[in-house]
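**Q** Sharing a structure with you now.
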Amino acid sequence: YGVAEYGRAVAGGVFVDTNGPLPGETSRIRPFIWTPENGSRELPVPVGTRNAKPNNISADGSTLLGWYDFNNSGTTRFGARWVNGEFIPFTTPAMYVGEANASTPNGSVIIGRNAGPRLEAWYWTQEKGVQLLGRLGAINVSSANSISDDGQVISGFGGSVAQFPGDVAGHRAFLWTPELGFVNFDNFLRAQGTAFDGWLINSTNSMTPDGTKFVGSGYAPHLKGLAGWIIDMQTVNICHAPPGNPRNTQSITVPFRGDMGDHLKHGDTIGFCTQ
């Protein structure tokens, strides 16, 4: 389910039985890690676990990210990480946290789906713990799927706002940076003047390490169904209000990474000025 940089480690799942001793224990899956030095090694899980599986592994091979569940948890999956072989859950008595999906190269920032009472996309750091990002629709999954190497750009999909049959579960992609916050990616791009010709941006699935190129899926009107897309976002358009003369707004183009955040901090807004 994941390969670390240079093939130094592989994350996977192994089926431990065909028919377990208790109801529901059929074809149970357990996480394992493989390294060239030690071969395959099954990883620990909590007592009573039904299934546990990694979804990914950090580039340095230190951290596996995934989920586990129990016989009585139905379809609910609990997020977890395995750090240097140690099992660590994300869910606490104070907050449910769903599956972990991806991380920065060293595992210092981890992202995932369905956390908190509103089942929001989330990220985790050692300093802050789990932080809720948000959701766009009232129902269905809200999931952070991709993250830049520095952990400062996160994207995915934010729940269902289904509008018509064929709207691909109604998902809408989101974009997050510390300065921008959690926004509808489709709306963000339209504010840039990006032309979609009827497309709906349903989900971001991956991004480049520098957080400037995104790939995902969406509703394509010419196909009346799902299709892929790629967006190269080196620069963005900003409505700039000069300090000391905020009424003299002007539309400017700035780099997406770095400069955009600086402008948003002092009150500039996304997109072209309207007056």
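Going through the structure tokens in order, the chains are called A, B, and so on, while each chain numbers its residues from 1 and the ligands are numbered from 1 in the order shown.
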Excluding same-chain residues fewer than 6 positions from A:Ile147, what lies within 7 Å of it counting only C-alpha atoms, as a PyMOL selection string?
**A** chain A and resi 103-104+153-155+207
**Q** Mind listing the strand (DSSP E) residues of stretch 8-123 of chain A, per DSSP on the backbone, as a PyMOL selection string?
**A** chain A and resi 10-15+29-35+39-42+49-57+63-70+78-83+86-89+100-103+109-115+120-123
**Q** Excluding A:Gly170 and any residue of its chain fewer than 5 positions from it, enumerate the residues within 12 Å of it, using only C-alpha atoms, and give them as a list in words.
**A** Leu136, Gly137, Ala138, Ile139, Asn140, Val141, Ser142, Phe157, Gly158, Gly159, Ser160, Val161, Ala162, Gln163, Phe164, Pro165, Leu200, Ile201, Asn202, Ser203, Ser217, Gly218, Tyr219, Gly225 and Leu226 of chain A
**Q** For the selection you just gave me, I'd like the residues written to a file as an mmCIF file, in the first residue's frame, keeping N, CA, C and O atoms.
**A**
```cif
data_model
loop_
_atom_site.group_PDB
_atom_site.id
_atom_site.type_symbol
_atom_site.label_atom_id
_atom_site.label_comp_id
_atom_site.auth_asym_id
_atom_site.auth_seq_id
_atom_site.Cartn_x
_atom_site.Cartn_y
_atom_site.Cartn_z
ATOM 1 N N LEU A 136 -17.104 20.712 3.451
ATOM 2 C CA LEU A 136 -17.887 21.561 2.561
ATOM 3 C C LEU A 136 -19.333 21.123 2.470
ATOM 4 O O LEU A 136 -20.221 21.951 2.292
ATOM 5 N N GLY A 137 -19.586 19.835 2.545
ATOM 6 C CA GLY A 137 -20.941 19.308 2.460
ATOM 7 C C GLY A 137 -21.359 18.667 3.766
ATOM 8 O O GLY A 137 -20.531 18.252 4.579
ATOM 9 N N ALA A 138 -22.667 18.560 3.963
ATOM 10 C CA ALA A 138 -23.181 18.085 5.250
ATOM 11 C C ALA A 138 -23.071 16.577 5.414
ATOM 12 O O ALA A 138 -23.131 16.083 6.543
ATOM 13 N N ILE A 139 -22.936 15.840 4.330
ATOM 14 C CA ILE A 139 -22.931 14.386 4.424
ATOM 15 C C ILE A 139 -21.710 13.808 3.721
ATOM 16 O O ILE A 139 -20.985 14.509 3.022
ATOM 17 N N ASN A 140 -21.487 12.509 3.942
ATOM 18 C CA ASN A 140 -20.433 11.741 3.293
ATOM 19 C C ASN A 140 -19.061 12.101 3.858
ATOM 20 O O ASN A 140 -18.920 12.902 4.755
ATOM 21 N N VAL A 141 -18.036 11.506 3.275
ATOM 22 C CA VAL A 141 -16.677 11.598 3.802
ATOM 23 C C VAL A 141 -16.058 12.963 3.514
ATOM 24 O O VAL A 141 -16.252 13.539 2.448
ATOM 25 N N SER A 142 -15.288 13.484 4.484
ATOM 26 C CA SER A 142 -14.429 14.646 4.275
ATOM 27 C C SER A 142 -12.999 14.188 4.515
ATOM 28 O O SER A 142 -12.674 13.717 5.612
ATOM 29 N N PHE A 157 -11.020 16.226 -0.452
ATOM 30 C CA PHE A 157 -12.419 16.536 -0.727
ATOM 31 C C PHE A 157 -13.177 16.694 0.584
ATOM 32 O O PHE A 157 -12.811 16.115 1.600
ATOM 33 N N GLY A 158 -14.238 17.499 0.534
ATOM 34 C CA GLY A 158 -14.835 17.971 1.785
ATOM 35 C C GLY A 158 -16.280 17.601 2.018
ATOM 36 O O GLY A 158 -17.038 18.424 2.523
ATOM 37 N N GLY A 159 -16.694 16.386 1.652
ATOM 38 C CA GLY A 159 -18.073 15.990 1.878
ATOM 39 C C GLY A 159 -18.945 16.208 0.662
ATOM 40 O O GLY A 159 -18.521 16.756 -0.356
ATOM 41 N N SER A 160 -20.191 15.790 0.756
ATOM 42 C CA SER A 160 -21.082 15.765 -0.400
ATOM 43 C C SER A 160 -22.008 16.974 -0.448
ATOM 44 O O SER A 160 -22.635 17.336 0.542
ATOM 45 N N VAL A 161 -22.077 17.580 -1.629
ATOM 46 C CA VAL A 161 -23.065 18.619 -1.927
ATOM 47 C C VAL A 161 -23.737 18.255 -3.253
ATOM 48 O O VAL A 161 -23.924 19.090 -4.133
ATOM 49 N N ALA A 162 -24.101 16.975 -3.397
ATOM 50 C CA ALA A 162 -24.600 16.436 -4.670
ATOM 51 C C ALA A 162 -25.703 17.311 -5.262
ATOM 52 O O ALA A 162 -26.641 17.692 -4.583
ATOM 53 N N GLN A 163 -25.551 17.605 -6.556
ATOM 54 C CA GLN A 163 -26.489 18.490 -7.240
ATOM 55 C C GLN A 163 -27.360 17.768 -8.256
ATOM 56 O O GLN A 163 -28.452 18.217 -8.561
ATOM 57 N N PHE A 164 -26.880 16.659 -8.803
ATOM 58 C CA PHE A 164 -27.627 15.963 -9.841
ATOM 59 C C PHE A 164 -27.040 14.569 -10.007
ATOM 60 O O PHE A 164 -25.909 14.305 -9.597
ATOM 61 N N PRO A 165 -27.782 13.621 -10.611
ATOM 62 C CA PRO A 165 -27.241 12.290 -10.872
ATOM 63 C C PRO A 165 -25.968 12.390 -11.716
ATOM 64 O O PRO A 165 -25.884 13.177 -12.648
ATOM 65 N N LEU A 200 -16.913 20.231 -12.631
ATOM 66 C CA LEU A 200 -16.977 20.333 -11.181
ATOM 67 C C LEU A 200 -15.760 19.605 -10.622
ATOM 68 O O LEU A 200 -15.501 18.452 -10.966
ATOM 69 N N ILE A 201 -14.999 20.272 -9.775
ATOM 70 C CA ILE A 201 -13.771 19.698 -9.215
ATOM 71 C C ILE A 201 -14.144 18.907 -7.965
ATOM 72 O O ILE A 201 -14.405 19.480 -6.906
ATOM 73 N N ASN A 202 -14.179 17.583 -8.094
ATOM 74 C CA ASN A 202 -14.660 16.740 -7.000
ATOM 75 C C ASN A 202 -13.615 16.425 -5.947
ATOM 76 O O ASN A 202 -13.918 16.395 -4.757
ATOM 77 N N SER A 203 -12.373 16.171 -6.384
ATOM 78 C CA SER A 203 -11.381 15.723 -5.417
ATOM 79 C C SER A 203 -9.971 15.998 -5.908
ATOM 80 O O SER A 203 -9.693 15.882 -7.108
ATOM 81 N N SER A 217 -9.828 14.364 -9.696
ATOM 82 C CA SER A 217 -10.941 13.915 -10.520
ATOM 83 C C SER A 217 -12.094 14.897 -10.399
ATOM 84 O O SER A 217 -12.173 15.669 -9.443
ATOM 85 N N GLY A 218 -12.975 14.857 -11.378
ATOM 86 C CA GLY A 218 -14.118 15.763 -11.362
ATOM 87 C C GLY A 218 -15.164 15.347 -12.363
ATOM 88 O O GLY A 218 -14.977 14.398 -13.140
ATOM 89 N N TYR A 219 -16.282 16.064 -12.326
ATOM 90 C CA TYR A 219 -17.370 15.816 -13.270
ATOM 91 C C TYR A 219 -17.077 16.576 -14.557
ATOM 92 O O TYR A 219 -16.935 17.807 -14.555
ATOM 93 N N GLY A 225 -19.674 12.384 -16.781
ATOM 94 C CA GLY A 225 -19.158 11.490 -15.754
ATOM 95 C C GLY A 225 -17.767 11.907 -15.303
ATOM 96 O O GLY A 225 -17.333 13.036 -15.542
ATOM 97 N N LEU A 226 -17.075 10.982 -14.700
ATOM 98 C CA LEU A 226 -15.800 11.248 -14.041
ATOM 99 C C LEU A 226 -14.651 11.320 -15.037
ATOM 100 O O LEU A 226 -14.568 10.536 -15.977
#
```
**Q** Compile the contact shell of stretch 86-100 of chain A as a list in words: residues with an atom at most 7 Å away, counting only C-alpha atoms, same-chain residues fewer than 4 positions apart removed.
**A**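 After dropping sequence-adjacent residues, the list is Pro44, Val45, Leu65, Gly66, Trp67, Arg77, Phe78, Gly79, Ala80, Arg81, Trp82, Ile110, Ile111, Gly112, Arg113, Asn114, Ala115 and Gly116 of chain A.
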**Q** Those selected residues, please, written with C-alpha atoms and delivered as a CSV table (one decimal), in the first residue's frame.
**A**
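Listing of selection26.csv after writing:
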```csv
chain,number,residue,atom,x,y,z
A,44,PRO,CA,1.2,-4.7,16.5
A,45,VAL,CA,-2.5,-3.9,16.9
A,65,LEU,CA,-0.4,5.5,8.3
A,66,GLY,CA,-3.7,3.7,8.2
A,67,TRP,CA,-6.6,2.4,10.3
A,77,ARG,CA,-12.4,2.8,11.1
A,78,PHE,CA,-10.1,4.4,13.6
A,79,GLY,CA,-7.0,6.2,12.4
A,80,ALA,CA,-3.6,5.0,13.5
A,81,ARG,CA,0.1,5.3,12.9
A,82,TRP,CA,3.0,2.8,13.4
A,110,ILE,CA,-0.1,13.5,9.0
A,111,ILE,CA,-3.4,14.0,7.2
A,112,GLY,CA,-6.6,12.0,7.2
A,113,ARG,CA,-10.4,11.8,7.0
A,114,ASN,CA,-13.5,12.0,9.2
A,115,ALA,CA,-12.5,13.4,12.6
A,116,GLY,CA,-14.5,15.1,15.3
```
**Q** Applying 12 Å and only C-alpha atoms, which residues near A:Lys213 remain after dropping the ones on its own chain fewer than 5 positions away? List them as an mmCIF file with all heavy atoms, in the first residue's frame.
**A**
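The resulting file, around_34.cif, is reproduced below:
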```
data_model
loop_
_atom_site.group_PDB
_atom_site.id
_atom_site.type_symbol
_atom_site.label_atom_id
_atom_site.label_comp_id
_atom_site.auth_asym_id
_atom_site.auth_seq_id
_atom_site.Cartn_x
_atom_site.Cartn_y
_atom_site.Cartn_z
ATOM 1 N N SER A 146 -3.838 14.816 0.127
ATOM 2 C CA SER A 146 -2.494 15.130 -0.351
ATOM 3 C C SER A 146 -1.924 16.300 0.425
ATOM 4 O O SER A 146 -2.656 17.191 0.891
ATOM 5 C CB SER A 146 -2.521 15.444 -1.854
ATOM 6 O OG SER A 146 -3.416 16.505 -2.135
ATOM 7 N N ILE A 147 -0.582 16.319 0.554
ATOM 8 C CA ILE A 147 0.089 17.314 1.380
ATOM 9 C C ILE A 147 1.448 17.629 0.775
ATOM 10 O O ILE A 147 2.128 16.741 0.248
ATOM 11 C CB ILE A 147 0.220 16.804 2.832
ATOM 12 C CG1 ILE A 147 0.827 17.870 3.750
ATOM 13 C CG2 ILE A 147 1.005 15.501 2.903
ATOM 14 C CD1 ILE A 147 0.766 17.510 5.236
ATOM 15 N N SER A 148 1.842 18.890 0.834
ATOM 16 C CA SER A 148 3.162 19.280 0.355
ATOM 17 C C SER A 148 4.231 18.787 1.332
ATOM 18 O O SER A 148 3.952 18.476 2.488
ATOM 19 C CB SER A 148 3.247 20.796 0.202
ATOM 20 O OG SER A 148 3.016 21.436 1.452
ATOM 21 N N VAL A 153 0.592 23.007 2.555
ATOM 22 C CA VAL A 153 -0.509 22.946 1.587
ATOM 23 C C VAL A 153 -1.163 21.576 1.724
ATOM 24 O O VAL A 153 -0.479 20.543 1.688
ATOM 25 C CB VAL A 153 -0.028 23.140 0.132
ATOM 26 C CG1 VAL A 153 -1.221 23.139 -0.829
ATOM 27 C CG2 VAL A 153 0.759 24.433 -0.015
ATOM 28 N N ILE A 154 -2.470 21.567 1.912
ATOM 29 C CA ILE A 154 -3.233 20.328 2.053
ATOM 30 C C ILE A 154 -4.455 20.407 1.144
ATOM 31 O O ILE A 154 -5.066 21.469 1.010
ATOM 32 C CB ILE A 154 -3.674 20.102 3.513
ATOM 33 C CG1 ILE A 154 -2.452 19.973 4.436
ATOM 34 C CG2 ILE A 154 -4.561 18.870 3.635
ATOM 35 C CD1 ILE A 154 -2.796 19.908 5.915
ATOM 36 N N SER A 155 -4.807 19.290 0.524
ATOM 37 C CA SER A 155 -5.993 19.269 -0.331
ATOM 38 C C SER A 155 -6.629 17.890 -0.286
ATOM 39 O O SER A 155 -6.016 16.915 0.139
ATOM 40 C CB SER A 155 -5.606 19.648 -1.770
ATOM 41 O OG SER A 155 -6.744 19.975 -2.531
ATOM 42 N N THR A 204 -9.102 16.375 -4.995
ATOM 43 C CA THR A 204 -7.668 16.379 -5.254
ATOM 44 C C THR A 204 -7.098 15.085 -4.694
ATOM 45 O O THR A 204 -7.341 14.745 -3.543
ATOM 46 C CB THR A 204 -6.987 17.574 -4.572
ATOM 47 O OG1 THR A 204 -7.571 18.784 -5.045
ATOM 48 C CG2 THR A 204 -5.503 17.595 -4.874
ATOM 49 N N ASN A 205 -6.329 14.378 -5.518
ATOM 50 C CA ASN A 205 -5.794 13.088 -5.100
ATOM 51 C C ASN A 205 -4.303 13.116 -4.804
ATOM 52 O O ASN A 205 -3.808 12.279 -4.053
ATOM 53 C CB ASN A 205 -6.084 12.039 -6.173
ATOM 54 C CG ASN A 205 -7.564 11.876 -6.425
ATOM 55 O OD1 ASN A 205 -8.368 12.027 -5.512
ATOM 56 N ND2 ASN A 205 -7.942 11.579 -7.659
ATOM 57 N N SER A 206 -3.576 14.066 -5.411
ATOM 58 C CA SER A 206 -2.144 14.144 -5.171
ATOM 59 C C SER A 206 -1.647 15.534 -5.547
ATOM 60 O O SER A 206 -2.335 16.290 -6.235
ATOM 61 C CB SER A 206 -1.406 13.073 -5.986
ATOM 62 O OG SER A 206 -0.036 13.000 -5.631
ATOM 63 N N MET A 207 -0.436 15.867 -5.093
ATOM 64 C CA MET A 207 0.194 17.133 -5.467
ATOM 65 C C MET A 207 1.694 16.924 -5.524
ATOM 66 O O MET A 207 2.236 15.946 -4.989
ATOM 67 C CB MET A 207 -0.167 18.249 -4.477
ATOM 68 C CG MET A 207 0.458 18.133 -3.117
ATOM 69 S SD MET A 207 0.141 19.563 -2.027
ATOM 70 C CE MET A 207 -1.594 19.362 -1.644
ATOM 71 N N THR A 208 2.394 17.852 -6.172
ATOM 72 C CA THR A 208 3.847 17.795 -6.224
ATOM 73 C C THR A 208 4.424 18.155 -4.854
ATOM 74 O O THR A 208 3.752 18.788 -4.035
ATOM 75 C CB THR A 208 4.394 18.753 -7.293
ATOM 76 O OG1 THR A 208 3.824 20.061 -7.090
ATOM 77 C CG2 THR A 208 4.055 18.270 -8.689
ATOM 78 N N TRP A 229 -8.005 15.565 -13.989
ATOM 79 C CA TRP A 229 -7.547 16.917 -14.284
ATOM 80 C C TRP A 229 -6.192 17.159 -13.632
ATOM 81 O O TRP A 229 -5.796 16.451 -12.697
ATOM 82 C CB TRP A 229 -8.549 17.970 -13.801
ATOM 83 C CG TRP A 229 -8.959 17.865 -12.356
ATOM 84 C CD1 TRP A 229 -10.074 17.253 -11.862
ATOM 85 C CD2 TRP A 229 -8.243 18.375 -11.220
ATOM 86 N NE1 TRP A 229 -10.112 17.355 -10.493
ATOM 87 C CE2 TRP A 229 -9.005 18.038 -10.079
ATOM 88 C CE3 TRP A 229 -7.057 19.088 -11.060
ATOM 89 C CZ2 TRP A 229 -8.590 18.370 -8.782
ATOM 90 C CZ3 TRP A 229 -6.641 19.434 -9.775
ATOM 91 C CH2 TRP A 229 -7.413 19.070 -8.660
ATOM 92 N N ILE A 230 -5.478 18.150 -14.134
ATOM 93 C CA ILE A 230 -4.225 18.601 -13.535
ATOM 94 C C ILE A 230 -4.206 20.125 -13.569
ATOM 95 O O ILE A 230 -4.639 20.735 -14.548
ATOM 96 C CB ILE A 230 -2.995 18.014 -14.254
ATOM 97 C CG1 ILE A 230 -1.693 18.502 -13.594
ATOM 98 C CG2 ILE A 230 -3.016 18.372 -15.744
ATOM 99 C CD1 ILE A 230 -0.462 17.765 -14.075
ATOM 100 N N ILE A 231 -3.749 20.740 -12.482
ATOM 101 C CA ILE A 231 -3.678 22.191 -12.384
ATOM 102 C C ILE A 231 -2.274 22.582 -11.938
ATOM 103 O O ILE A 231 -1.764 22.064 -10.934
ATOM 104 C CB ILE A 231 -4.719 22.739 -11.397
ATOM 105 C CG1 ILE A 231 -6.134 22.548 -11.949
ATOM 106 C CG2 ILE A 231 -4.475 24.215 -11.100
ATOM 107 C CD1 ILE A 231 -7.228 22.872 -10.979
ATOM 108 N N ASP A 232 -1.653 23.494 -12.687
ATOM 109 C CA ASP A 232 -0.344 24.039 -12.349
ATOM 110 C C ASP A 232 -0.571 25.444 -11.786
ATOM 111 O O ASP A 232 -1.017 26.342 -12.502
ATOM 112 C CB ASP A 232 0.531 24.093 -13.608
ATOM 113 C CG ASP A 232 1.959 24.517 -13.303
ATOM 114 O OD1 ASP A 232 2.230 24.969 -12.173
ATOM 115 O OD2 ASP A 232 2.812 24.410 -14.206
ATOM 116 N N MET A 233 -0.284 25.640 -10.510
ATOM 117 C CA MET A 233 -0.637 26.881 -9.829
ATOM 118 C C MET A 233 0.618 27.536 -9.249
ATOM 119 O O MET A 233 0.791 27.662 -8.035
ATOM 120 C CB MET A 233 -1.674 26.605 -8.743
ATOM 121 C CG MET A 233 -2.426 27.831 -8.280
ATOM 122 S SD MET A 233 -3.962 27.412 -7.428
ATOM 123 C CE MET A 233 -3.348 26.595 -5.947
ATOM 124 N N GLN A 234 1.509 27.972 -10.118
ATOM 125 C CA GLN A 234 2.717 28.661 -9.673
ATOM 126 C C GLN A 234 2.383 30.042 -9.104
ATOM 127 O O GLN A 234 3.023 30.490 -8.156
ATOM 128 C CB GLN A 234 3.689 28.805 -10.844
ATOM 129 C CG GLN A 234 4.110 27.492 -11.489
ATOM 130 C CD GLN A 234 4.934 26.625 -10.565
ATOM 131 O OE1 GLN A 234 5.716 27.137 -9.765
ATOM 132 N NE2 GLN A 234 4.755 25.315 -10.652
ATOM 133 N N THR A 235 1.403 30.714 -9.717
ATOM 134 C CA THR A 235 1.030 32.060 -9.281
ATOM 135 C C THR A 235 -0.482 32.140 -9.069
ATOM 136 O O THR A 235 -1.233 31.313 -9.588
ATOM 137 C CB THR A 235 1.457 33.118 -10.307
ATOM 138 O OG1 THR A 235 0.796 32.847 -11.557
ATOM 139 C CG2 THR A 235 2.965 33.102 -10.512
ATOM 140 N N PHE A 256 2.113 31.578 -5.625
ATOM 141 C CA PHE A 256 1.178 30.897 -4.720
ATOM 142 C C PHE A 256 1.851 30.569 -3.390
ATOM 143 O O PHE A 256 1.270 30.776 -2.332
ATOM 144 C CB PHE A 256 0.652 29.631 -5.389
ATOM 145 C CG PHE A 256 -0.128 28.722 -4.480
ATOM 146 C CD1 PHE A 256 -1.264 29.165 -3.838
ATOM 147 C CD2 PHE A 256 0.295 27.406 -4.259
ATOM 148 C CE1 PHE A 256 -1.994 28.330 -2.989
ATOM 149 C CE2 PHE A 256 -0.424 26.563 -3.423
ATOM 150 C CZ PHE A 256 -1.559 27.024 -2.781
ATOM 151 N N ARG A 257 3.053 30.027 -3.454
ATOM 152 C CA ARG A 257 3.767 29.674 -2.233
ATOM 153 C C ARG A 257 4.532 30.873 -1.699
ATOM 154 O O ARG A 257 5.311 31.487 -2.412
ATOM 155 C CB ARG A 257 4.740 28.511 -2.483
ATOM 156 C CG ARG A 257 4.097 27.219 -2.945
ATOM 157 C CD ARG A 257 3.047 26.685 -1.959
ATOM 158 N NE ARG A 257 3.430 26.732 -0.579
ATOM 159 C CZ ARG A 257 4.154 25.798 0.034
ATOM 160 N NH1 ARG A 257 4.574 24.743 -0.642
ATOM 161 N NH2 ARG A 257 4.445 25.909 1.312
#
```
